[in-house]
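What follows is the content of run.cif, which has mmCIF, C-alpha atoms and all ligand atoms:
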```
data_structure
#
loop_
_atom_site.label_atom_id
_atom_site.label_comp_id
_atom_site.auth_asym_id
_atom_site.auth_seq_id
_atom_site.Cartn_x
_atom_site.Cartn_y
_atom_site.Cartn_z
CA MET A 205 1.89 -0.85 -30.53
CA SER A 206 5.55 -1.46 -31.45
CA MET A 207 8.09 1.36 -31.33
CA PHE A 208 8.34 1.06 -35.13
CA MET A 209 4.61 1.67 -35.60
CA PHE A 210 4.78 4.52 -33.08
CA TRP A 211 7.60 6.16 -35.02
CA GLN A 212 5.86 5.57 -38.38
CA MET A 213 2.58 7.14 -37.22
CA ASN A 214 4.38 10.23 -36.00
CA ARG A 215 6.22 10.42 -39.33
CA VAL A 216 2.99 10.10 -41.36
CA ASN A 217 1.43 12.85 -39.25
CA ALA A 218 4.47 15.05 -39.76
CA LEU A 219 4.46 14.49 -43.55
CA ARG A 220 0.77 15.38 -43.66
CA GLY A 221 1.61 18.56 -41.86
CA GLY A 222 -0.94 17.52 -39.29
CA THR A 223 -0.83 18.77 -35.76
CA GLU A 224 -2.22 15.55 -34.29
CA MET A 225 0.70 13.66 -32.84
CA THR A 226 0.85 10.24 -31.35
CA LYS A 227 1.16 10.66 -27.61
CA ASN A 228 2.80 8.55 -24.96
CA VAL A 229 -0.05 7.57 -22.65
CA LEU A 230 0.47 5.94 -19.27
CA VAL A 231 -2.55 4.42 -17.55
CA ILE A 232 -1.96 3.61 -13.87
CA SER A 233 -4.49 1.31 -12.29
CA THR A 234 -4.09 1.60 -8.51
CA ASN A 235 -6.62 -0.95 -7.17
CA LEU A 236 -5.34 -4.18 -5.68
CA ARG A 237 -8.29 -6.59 -5.94
CA LYS A 238 -9.15 -8.93 -8.77
CA ASN A 239 -12.05 -8.06 -11.08
CA SER A 240 -11.65 -4.48 -9.96
CA ASN A 241 -14.21 -1.96 -11.12
CA SER A 242 -11.80 0.94 -11.52
CA GLU A 243 -9.44 -1.27 -13.50
CA VAL A 244 -12.18 -1.90 -16.08
CA LEU A 245 -12.46 1.89 -16.40
CA ALA A 246 -8.69 2.02 -16.91
CA ASP A 247 -8.92 -0.66 -19.62
CA SER A 248 -11.71 1.21 -21.43
CA PHE A 249 -9.71 4.45 -21.37
CA ALA A 250 -6.61 2.60 -22.62
CA ARG A 251 -8.58 0.93 -25.43
CA GLY A 252 -9.93 4.30 -26.59
CA ALA A 253 -6.47 5.89 -26.54
CA GLU A 254 -4.97 2.95 -28.39
CA GLU A 255 -7.69 3.04 -31.06
CA ALA A 256 -6.94 6.75 -31.51
CA GLY A 257 -3.40 5.72 -32.45
CA HIS A 258 -1.56 6.66 -29.27
CA HIS A 259 1.21 4.65 -27.66
CA VAL A 260 -0.40 3.30 -24.51
CA GLU A 261 1.12 1.50 -21.55
CA LYS A 262 -1.01 0.30 -18.67
CA ILE A 263 0.50 -0.41 -15.27
CA THR A 264 -1.30 -2.10 -12.41
CA LEU A 265 -0.06 -1.73 -8.84
CA LYS A 266 -1.33 -5.25 -8.02
CA ASP A 267 2.05 -6.89 -8.43
CA LYS A 268 4.16 -3.94 -7.29
CA LYS A 269 6.07 -3.27 -4.10
CA ILE A 270 5.87 0.41 -3.17
CA ALA A 271 6.89 1.51 0.32
CA PHE A 272 5.76 4.72 1.98
CA CYS A 273 7.75 7.88 1.32
CA LYS A 274 10.00 8.60 4.30
CA GLY A 275 10.30 12.31 3.51
CA CYS A 276 14.12 12.25 3.46
CA MET A 277 14.16 14.60 0.44
CA ALA A 278 17.22 12.86 -1.04
CA CYS A 279 15.24 12.75 -4.31
CA MET A 280 15.50 16.52 -4.63
CA LYS A 281 19.28 16.23 -4.89
CA LEU A 282 19.61 12.88 -6.65
CA LYS A 283 16.52 13.23 -8.92
CA ALA A 284 15.59 9.67 -7.97
CA CYS A 285 14.34 7.97 -4.85
CA VAL A 286 16.90 6.15 -2.71
CA MET A 287 14.38 3.44 -1.75
CA LYS A 288 14.88 0.76 -4.35
CA ASP A 289 11.45 -0.68 -5.10
CA ASP A 290 8.92 -0.56 -7.94
CA ALA A 291 8.16 3.15 -7.45
CA ILE A 292 11.43 4.02 -9.18
CA GLU A 293 10.44 2.52 -12.54
CA ILE A 294 6.88 3.85 -12.35
CA ALA A 295 8.10 7.38 -11.56
CA ALA A 296 10.42 7.15 -14.58
CA LYS A 297 7.48 6.13 -16.79
CA MET A 298 5.41 9.00 -15.35
CA HIS A 299 8.26 11.37 -16.18
CA ASP A 300 8.30 10.31 -19.84
CA ALA A 301 4.54 10.11 -20.46
CA GLU A 302 2.71 13.03 -22.04
CA VAL A 303 -0.64 11.81 -20.75
CA ILE A 304 -1.23 10.07 -17.43
CA ALA A 305 -4.56 8.51 -16.46
CA PHE A 306 -4.99 7.33 -12.88
CA ALA A 307 -7.69 4.83 -11.96
CA SER A 308 -8.65 4.47 -8.32
CA PRO A 309 -11.37 3.01 -6.15
CA ILE A 310 -12.86 5.57 -3.75
CA TYR A 311 -11.76 4.73 -0.21
CA TYR A 312 -13.34 6.85 2.52
CA TYR A 313 -14.15 9.55 -0.02
CA GLU A 314 -10.53 9.80 -1.11
CA MET A 315 -8.17 8.23 -3.63
CA SER A 316 -6.78 4.81 -2.67
CA GLY A 317 -3.90 4.85 -0.18
CA GLN A 318 -1.71 3.07 -2.73
CA MET A 319 -2.31 5.84 -5.29
CA LYS A 320 -1.38 8.50 -2.74
CA THR A 321 1.72 6.53 -1.77
CA LEU A 322 2.75 6.35 -5.42
CA LEU A 323 2.33 10.12 -5.86
CA ASP A 324 4.49 10.72 -2.80
CA ARG A 325 7.13 8.27 -3.96
CA ALA A 326 7.23 10.03 -7.34
CA ASN A 327 8.51 13.17 -5.60
CA SER A 328 11.66 13.06 -7.76
CA LEU A 329 9.44 14.42 -10.57
CA TYR A 330 9.00 17.70 -8.73
CA ASP A 331 10.98 20.47 -10.44
CA SER A 332 12.21 17.98 -13.07
CA ASP A 333 11.89 18.17 -16.87
CA TYR A 334 8.78 15.93 -16.76
CA LYS A 335 6.83 15.56 -20.01
CA PHE A 336 3.28 15.08 -18.78
CA THR A 337 0.73 17.78 -19.52
CA ASP A 338 -2.64 16.00 -19.55
CA ILE A 339 -3.90 14.21 -16.47
CA TYR A 340 -7.07 12.12 -16.18
CA MET A 341 -8.78 10.54 -13.18
CA LEU A 342 -11.05 7.49 -13.32
CA THR A 343 -12.85 6.42 -10.14
CA ALA A 344 -15.35 3.84 -8.93
CA ALA A 345 -17.39 3.87 -5.72
CA ALA A 346 -20.27 2.09 -4.04
CA GLU A 347 -22.26 5.29 -3.67
CA ASP A 348 -24.06 6.53 -6.76
CA ASP A 349 -23.38 10.19 -6.11
CA GLU A 350 -20.78 11.94 -8.23
CA HIS A 351 -19.68 14.01 -5.21
CA ALA A 352 -18.28 10.81 -3.74
CA THR A 353 -15.26 11.44 -5.96
CA ASP A 354 -14.73 15.14 -5.11
CA ARG A 355 -11.99 14.72 -2.50
CA ALA A 356 -10.12 12.15 -4.60
CA VAL A 357 -10.13 14.52 -7.57
CA GLY A 358 -9.24 17.38 -5.20
CA GLY A 359 -6.28 15.38 -3.88
CA LEU A 360 -5.02 14.68 -7.38
CA THR A 361 -5.49 18.35 -8.26
CA GLY A 362 -3.21 19.21 -5.33
CA TRP A 363 -0.55 17.03 -6.92
CA ILE A 364 -1.15 18.51 -10.39
CA ASP A 365 -0.84 22.05 -8.99
CA CYS A 366 2.80 21.25 -8.19
CA PHE A 367 3.51 20.63 -11.90
CA PRO A 368 2.85 23.89 -13.78
CA ARG A 369 2.84 22.34 -17.27
CA ALA A 370 0.18 19.80 -16.27
CA SER A 371 -3.57 20.14 -15.86
CA LEU A 372 -6.57 17.94 -15.16
CA LYS A 373 -8.15 17.19 -18.54
CA GLY A 374 -10.99 14.93 -17.53
CA THR A 375 -12.60 12.67 -14.98
CA VAL A 376 -14.89 9.67 -15.20
CA PHE A 377 -16.84 8.38 -12.23
CA ALA A 378 -18.60 5.02 -12.01
CA GLY A 379 -21.01 5.19 -9.07
CA GLY A 380 -23.17 2.48 -7.55
CA VAL A 381 -20.61 -0.29 -8.02
CA ASN A 382 -19.37 -2.18 -4.99
CA ASP A 383 -18.91 -5.88 -5.71
CA GLU A 384 -16.09 -7.17 -7.88
CA GLY A 385 -16.89 -6.70 -11.56
CA GLU A 386 -20.18 -4.94 -10.86
CA ILE A 387 -19.16 -2.22 -13.28
CA ASP A 388 -19.95 -4.46 -16.24
CA GLY A 389 -22.32 -2.55 -18.57
CA HIS A 390 -22.01 0.72 -16.61
CA PRO A 391 -22.36 3.83 -18.81
CA ALA A 392 -19.10 5.21 -17.35
CA LEU A 393 -17.20 2.59 -19.38
CA GLU A 394 -18.30 4.18 -22.66
CA LYS A 395 -17.40 7.58 -21.22
CA ALA A 396 -13.90 6.36 -20.29
CA TYR A 397 -13.47 4.83 -23.75
CA GLU A 398 -14.53 8.06 -25.48
CA MET A 399 -12.29 10.11 -23.19
CA GLY A 400 -9.33 7.89 -24.07
CA LYS A 401 -10.19 8.24 -27.74
CA SER A 402 -10.36 12.02 -27.56
CA ILE A 403 -6.90 12.73 -26.13
C1 LIG M 501 -11.50 0.62 2.52
C2 LIG M 501 -12.67 0.93 1.64
C3 LIG M 501 -13.26 2.15 1.73
C4 LIG M 501 -14.33 2.48 0.90
N1 LIG M 501 -14.87 3.74 1.00
C5 LIG M 501 -15.90 4.07 0.18
C6 LIG M 501 -16.47 5.38 0.25
O1 LIG M 501 -16.04 6.24 1.01
N2 LIG M 501 -17.51 5.66 -0.57
C7 LIG M 501 -18.02 4.75 -1.44
O2 LIG M 501 -18.98 5.07 -2.13
N3 LIG M 501 -17.48 3.50 -1.54
C8 LIG M 501 -16.43 3.15 -0.76
N4 LIG M 501 -15.87 1.90 -0.86
C9 LIG M 501 -16.36 0.95 -1.89
C10 LIG M 501 -15.47 0.96 -3.14
O3 LIG M 501 -15.23 2.27 -3.61
C11 LIG M 501 -16.14 0.15 -4.25
O4 LIG M 501 -16.23 -1.19 -3.83
C12 LIG M 501 -15.43 0.22 -5.57
O5 LIG M 501 -16.20 -0.44 -6.56
C13 LIG M 501 -14.05 -0.41 -5.50
O6 LIG M 501 -13.40 -0.29 -6.72
P1 LIG M 501 -12.35 -1.42 -7.22
O7 LIG M 501 -13.17 -2.62 -7.60
O8 LIG M 501 -11.67 -0.81 -8.37
O9 LIG M 501 -11.43 -1.71 -6.08
C14 LIG M 501 -14.81 1.53 -0.03
C15 LIG M 501 -14.21 0.27 -0.10
C16 LIG M 501 -13.15 -0.03 0.72
C17 LIG M 501 -12.49 -1.37 0.60
#
```
For this file, write the structure as structure tokens.
Ligand SMILES: Cc1cc2nc3c(=O)[nH]c(=O)nc-3n(C[C@H](O)[C@H](O)[C@H](O)COP(=O)(O)O)c2cc1C
Amino acid sequence: MSMFMFWQMNRVNALRGGTEMTKNVLVISTNLRKNSNSEVLADSFARGAEEAGHHVEKITLKDKKIAFCKGCMACMKLKACVMKDDAIEIAAKMHDAEVIAFASPIYYYEMSGQMKTLLDRANSLYDSDYKFTDIYMLTAAAEDDEHATDRAVGGLTGWIDCFPRASLKGTVFAGGVNDEGEIDGHPALEKAYEMGKSI
């Protein structure tokens, strides 16, 4: 959606006196393999949000360079990380989004290492005037047991707890998918689409 359409939709809503506003939605797909299952979940969520009229941007970490956080804490003073890689721009987009949906494969019953690294590198958001309030988590795992996602969701909740205006609004889990693209036709895709549509 262009910025013009985004502005126009907000204006139409305002003229109608409606409370439903177009939201800035950031979908962050953290897997690194092609034909990723969790990325298809991310795409379904994004499609739903877009069809509901929101301004949606999807980022994939596939082509990004994001180093580990060194814990120097310079970000607390400077309000930005001193390590100049792709985490800087993504943290800025996270700051400005009202809704953030993370998609991750389950690795050893946790979120992907690259997702955790991104959260750490976005430490400049802590105690900032961040906009995000609604957080979603979309996961895929080989095991078809919804508890396979518990620690990953728990880990994200730990992050959310550090941002008092934000809360976890929903999760979608696709279980029983291991091979690339195996998620095709999985009922979780419809769930992710409907969740995106309902924000
Ligand atoms: C390093 C690694 C660890 C994994 N750990 C788990 C696990 O703990 N439980 C599980 O059910 N599947 C596990 N899997 C399988 C993935 O979650 C599964 O293949 C998933 O579909 C990957 O999603 P993606 O296609 O988005 O990368 C693991 C896969 C890898 C590569």
Across A:Gly252, A:Pro391, A:Gly359, A:Gly317, the smallest distance to ligand LIG 501 (chain M), with only C-alpha atoms and all ligand atoms counted, is shown by A:Gly317
Separating atom C7 of ligand LIG 501 (chain M) from atom CA of Ser242 of chain A, to the nearest tenth of an Å, is a gap of 12.4 Å
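Between ligand LIG 501 (chain M) and the residues A:Glu254, A:Asp331, A:Glu261, A:Glu314, the shortest atom-to-atom distance, using all atoms listed in the file, involves A:Glu314.
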field: Environment of ligand LIG 501 (chain M) within 10 Å, counting all atoms listed in the file, reported as a PyMOL selection string
entry: chain A and resi 233-246+307-317+342-353+378-387
- request: Choose the residue, out of A:Lys266, A:Arg325, A:His259, A:Lys281, that has the smallest atom-to-atom separation from Ala301 of chain A; count all atoms listed in the file.
  value: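 For Ala301 of chain A, the nearest of the candidates is A:His259.
Relative to atom CA of Ala396 of chain A, atom CA of Pro368 of chain A is found at 25.1 Å.
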Any idea what's packed within 8 Å of Ser248 of chain A, counting all atoms listed in the file, ignoring anything in its chain fewer than 6 positions away? Could you give it as a list in words? Leu393, Glu394, Ala396, Tyr397 and Gly400 of chain A
Straight-line distance linking atom CA of Ser328 of chain A with atom CA of Lys283 of chain A, stated in Å to one decimal: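 A separation of 5.0 Å between them.
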Considering all atoms listed in the file, return as a PDB file with C-alpha atoms, in the frame of the given file whatever protein or nucleic-acid residues lie within 8 Å of Leu230 of chain A, sequence-local ones (same chain, fewer than 5 positions apart) excluded.
```pdb
ATOM      1  CA  VAL A 260      -0.400   3.300 -24.510  1.00  0.00           C
ATOM      2  CA  GLU A 261       1.120   1.500 -21.550  1.00  0.00           C
ATOM      3  CA  LYS A 262      -1.010   0.300 -18.670  1.00  0.00           C
ATOM      4  CA  ILE A 263       0.500  -0.410 -15.270  1.00  0.00           C
ATOM      5  CA  LYS A 297       7.480   6.130 -16.790  1.00  0.00           C
ATOM      6  CA  MET A 298       5.410   9.000 -15.350  1.00  0.00           C
ATOM      7  CA  ALA A 301       4.540  10.110 -20.460  1.00  0.00           C
ATOM      8  CA  GLU A 302       2.710  13.030 -22.040  1.00  0.00           C
ATOM      9  CA  VAL A 303      -0.640  11.810 -20.750  1.00  0.00           C
ATOM     10  CA  ILE A 304      -1.230  10.070 -17.430  1.00  0.00           C
ATOM     11  CA  ALA A 305      -4.560   8.510 -16.460  1.00  0.00           C
TER      12      ALA A 305
END
```
Practice item. Select all residues near (-4.8, 7.2, -30.7) (cut-off 10 Å, inclusive, file coordinates), counting all atoms listed in the file, and output them as a list of chain:residue names. Key: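 Here is the list of nearby residues: A:Met213, A:Glu224, A:Met225, A:Thr226, A:Lys227, A:Asn228, A:Val229, A:Ala250, A:Arg251, A:Gly252, A:Ala253, A:Glu254, A:Glu255, A:Ala256, A:Gly257, A:His258, A:His259, A:Val260, A:Gly400, A:Lys401, A:Ser402, A:Ile403.
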Using only C-alpha atoms, what residues lie at most 9 Å away from (5.4, 2.0, 0.2) (file coordinates), given as a VMD selection string? chain A and resid 269 to 273 289 291 318 321 to 322 325
